[in-house]
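Here the structure comes first, spelled out in C-alpha cells, and everything after it is commentary.
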Amino acid sequence: MTPQIVISASRRTDIPAFYMDWFMERIRAGSFELINPFNGRKSLIIASPDHVHTIVFWSKDFSRFIAGDFGRRLREMGYHLFFNFTINSESPLLEPGIPPLKKRFRQAAILCETFGPSAIQWRFDPICFYTVAGGRIQNNFDDFPYIADHLATLGIKHCITSFMDHYNKIGRRCAQIPGLAFVQPPVDEKIKILAGMQSIISPKNMKLYTCCEKEVLDGLPPDSGITPSSCIPNRLLVELFGGALSLKKDQGQRVKQGCGCFESKDIGLYRDQPCFHNCLFCYANPASDGKNKKT
C-alpha cells in the first residue's frame with residue numbers, strides 16, 4: 001500500500017483566503033501539478049482521500065474558507081484537516097490586508113467549534129522590529145497577551161513564533177515607504193522576548209514553539225520549556241487521526257536553522273497565486289513594492 005501524504009496548503013500563498021475555488025477544482029480532479037519554485041521541474045501529486053492523510057491549511061484570514069463551507073465539504077469527502085492560523089497584532093503598516101482582530105478571533109472560535117482546538121496551531125509570526133522616519137524602535141508585539149487570552153479560552157495550546165528574516169525583496173519594499181527600516185535585534189534580546197512570551201502563555205496552559213530559530217534556542221536555558229516547532233506536525237496528525245505518516249524531516253525546508261516540519265507536499269505557487277494581504281515582511285510575496293492587486 002502506498003504511504004499516505006500530507007498536503008500543505010500552503011507556505012507559499014494564502015490558499016484559504018484567496019484560492020479555495022482552485023483548490024476544490026484540483027481536489028475534484030484528483031491531483032495537483034507541483035512546480036518546483038527553484039528549478040521549475042513539474043510533478044504530479046495524487047490528491048484522492050485514500051492517498052492524502054491530512055490537509056494542513058495555512059492562513060491569516062479563514063473568512064472565505066468558513067463562508068464557503070469548504071471544511072465540511074472536504075471532511076465529507078474523507079479528508080482530515082489541520083490548521084495553522086497566523087494571528088498577529090493589528091498593524092495596518094505591516095499587514096495592510098488583514099481583518100481586525102475581533103473578526104479573526106471569531107474565525108478561530110468557529111474553527112475550534114467545528115474541528116476541535118487540537119487541530120489548530122496559533123502562529124504569532126513573525127515578530128518584527130522597525131523604525132519609521134528615524135523614530136524610536138517599534139515592534140508588533142503589543143497585542144500578544146490579548147491574543148493569547150482569547151485563544152487560550154478556545155482551548156488552543158500551541159503557539160509558534162519566529163523573528164523576521166531580512167530578505168532583499170523586503171528591503172526593496174521598505175524603500176517605497178519613506179523612513180521605514182526593519183531592525184534585527186541581538187540574540188540576547190530575542191532570548192528575553194521568548195522567555196517573556198513563555199511566561200505569558202504558560203499559565204494559560206499553552207506552550208511556545210519556535211520556527212527556524214536554532215541560534216536563539218541554543219541560547220535559552222535547558223528548562224525554558226520552549227522547543228522547536230513542527231508546523232507540519234506529522235506525529236500529532238497521527239495522534240489525532242490515526243494511520244501512519246512519514247516521520248522524516250522535510251529536507252526542502254530550513255532544517256539547519258531549526259525547522260522541525262515533517263515531509264509534506266506544498267501545492268502553492270509563489271507567482272501564479274499571489275497573496276493579496278501585502279504584508280511588508282513576507283518572504284513569499286513576489287511584489288517588490290509589496291502591493292499585489294486582486295483583479
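Just remember, in the C-alpha cells the first chain shown is A, the second B, etc., residues are 1-based per chain, and ligands are 1-based in the order shown.
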Would you list, as a ChimeraX atom specification, the residues of region 112-259 of chain A that end up in strand (DSSP E or B) under DSSP run on this structure's backbone?
/A:120-127,129-131,138-139,158-163,181-182,207-210,227-228,249
Print the selection's residues with N, CA and C atoms to a file, as a compact mmCIF listing (two decimals), in the first residue's frame.
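Generated output (out-v5.txt):
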# COMPACT_ATOMS: atom_id res chain seq x y z
N ILE A 120 -5.80 23.04 15.67
CA ILE A 120 -5.42 24.41 15.31
C ILE A 120 -4.15 24.79 16.04
N GLN A 121 -3.17 25.29 15.29
CA GLN A 121 -1.97 25.87 15.87
C GLN A 121 -2.00 27.38 15.61
N TRP A 122 -1.71 28.16 16.66
CA TRP A 122 -1.63 29.60 16.52
C TRP A 122 -0.19 30.00 16.19
N ARG A 123 -0.05 30.73 15.09
CA ARG A 123 1.25 31.28 14.72
C ARG A 123 1.26 32.79 14.98
N PHE A 124 2.08 33.24 15.91
CA PHE A 124 2.35 34.67 16.09
C PHE A 124 3.68 34.90 15.39
N ASP A 125 3.58 35.29 14.11
CA ASP A 125 4.76 35.14 13.25
C ASP A 125 4.69 36.08 12.05
N PRO A 126 5.78 36.86 11.81
CA PRO A 126 6.98 36.96 12.63
C PRO A 126 6.90 38.13 13.60
N ILE A 127 7.80 38.10 14.59
CA ILE A 127 7.98 39.27 15.45
C ILE A 127 8.87 40.25 14.70
N PHE A 129 10.74 44.18 14.37
CA PHE A 129 11.22 45.43 14.95
C PHE A 129 11.54 46.38 13.81
N TYR A 130 11.14 47.63 13.94
CA TYR A 130 11.30 48.57 12.83
C TYR A 130 11.28 50.00 13.33
N THR A 131 11.78 50.90 12.51
CA THR A 131 11.69 52.34 12.78
C THR A 131 10.99 53.00 11.61
N GLN A 138 10.14 50.37 17.08
CA GLN A 138 8.82 49.85 17.40
C GLN A 138 8.79 48.35 17.13
N ASN A 139 7.72 47.69 17.59
CA ASN A 139 7.55 46.27 17.28
C ASN A 139 6.07 45.96 17.18
N HIS A 158 -1.04 25.43 21.27
CA HIS A 158 0.25 25.57 20.60
C HIS A 158 0.39 26.98 20.05
N CYS A 159 1.46 27.67 20.44
CA CYS A 159 1.81 28.98 19.87
C CYS A 159 3.19 28.87 19.24
N ILE A 160 3.27 29.19 17.95
CA ILE A 160 4.52 29.11 17.19
C ILE A 160 4.95 30.53 16.83
N THR A 161 6.22 30.83 17.03
CA THR A 161 6.70 32.17 16.70
C THR A 161 8.08 32.13 16.08
N SER A 162 8.45 33.24 15.46
CA SER A 162 9.81 33.42 14.94
C SER A 162 10.06 34.91 14.79
N PHE A 163 11.31 35.25 14.57
CA PHE A 163 11.68 36.63 14.31
C PHE A 163 11.83 36.83 12.80
N ALA A 181 12.43 51.27 8.16
CA ALA A 181 13.57 50.35 8.16
C ALA A 181 13.33 49.27 9.21
N PHE A 182 13.51 48.02 8.81
CA PHE A 182 13.41 46.92 9.77
C PHE A 182 14.73 46.79 10.52
N LYS A 207 1.80 26.30 25.15
CA LYS A 207 3.24 26.05 25.06
C LYS A 207 3.79 26.83 23.87
N LEU A 208 5.00 27.36 24.04
CA LEU A 208 5.64 28.16 23.00
C LEU A 208 6.63 27.32 22.20
N TYR A 209 6.55 27.45 20.88
CA TYR A 209 7.45 26.77 19.96
C TYR A 209 8.08 27.82 19.04
N THR A 210 9.28 27.54 18.56
CA THR A 210 9.94 28.47 17.64
C THR A 210 10.06 27.85 16.25
N THR A 227 10.54 24.92 22.71
CA THR A 227 11.12 23.90 21.85
C THR A 227 10.86 24.23 20.38
N PRO A 228 11.57 23.59 19.46
CA PRO A 228 11.32 23.83 18.03
C PRO A 228 9.93 23.36 17.63
N LYS A 249 12.19 14.33 8.45
CA LYS A 249 12.16 15.79 8.37
C LYS A 249 12.12 16.21 6.90
Write out as a PDB file with C-alpha atoms, in the first residue's frame the residues lying within 7 Å of Pro233 (chain A), counting only C-alpha atoms and excluding same-chain residues fewer than 3 positions away.
ATOM      1  CA  SER A 230       6.653  21.352  13.605  1.00  0.00           C
ATOM      2  CA  LEU A 236       0.491  14.971  16.077  1.00  0.00           C
ATOM      3  CA  LEU A 237      -1.538  14.278  12.939  1.00  0.00           C
ATOM      4  CA  CYS A 261       8.471  20.163   9.841  1.00  0.00           C
ATOM      5  CA  PHE A 262       7.950  16.620   8.615  1.00  0.00           C
TER       6      PHE A 262
END
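Nearest-residue note for Ile45 (chain A): choosing from A:Ala195, A:Ile226, A:Ile5, A:Leu81, the minimum distance belongs to A:Ile5, counting only C-alpha atoms.
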The distance between CA of Ser10 (chain A) and CA of Gly268 (chain A) is 5.3 Å
Report as a ChimeraX atom specification: the residues of region 16-251 of chain A with a DSSP assignment of alpha helix (DSSP H), based on the backbone of this structure.
/A:16-18,20-29,63-67,70-77,101-115,144-154,168-174,187-201,214-219,234-241
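As for CA of Ser246 (chain A) and CA of Glu263 (chain A), they are spaced 6.5 Å apart.
Among the candidates A:Ala133, A:Ile191, A:Asn234, A:Ser63, the one nearest to Cys174 (chain A) when counting only C-alpha atoms is A:Ala133.
In this model, the gap between CA of Ile55 (chain A) and CA of Ser31 (chain A) comes to 13.2 Å.
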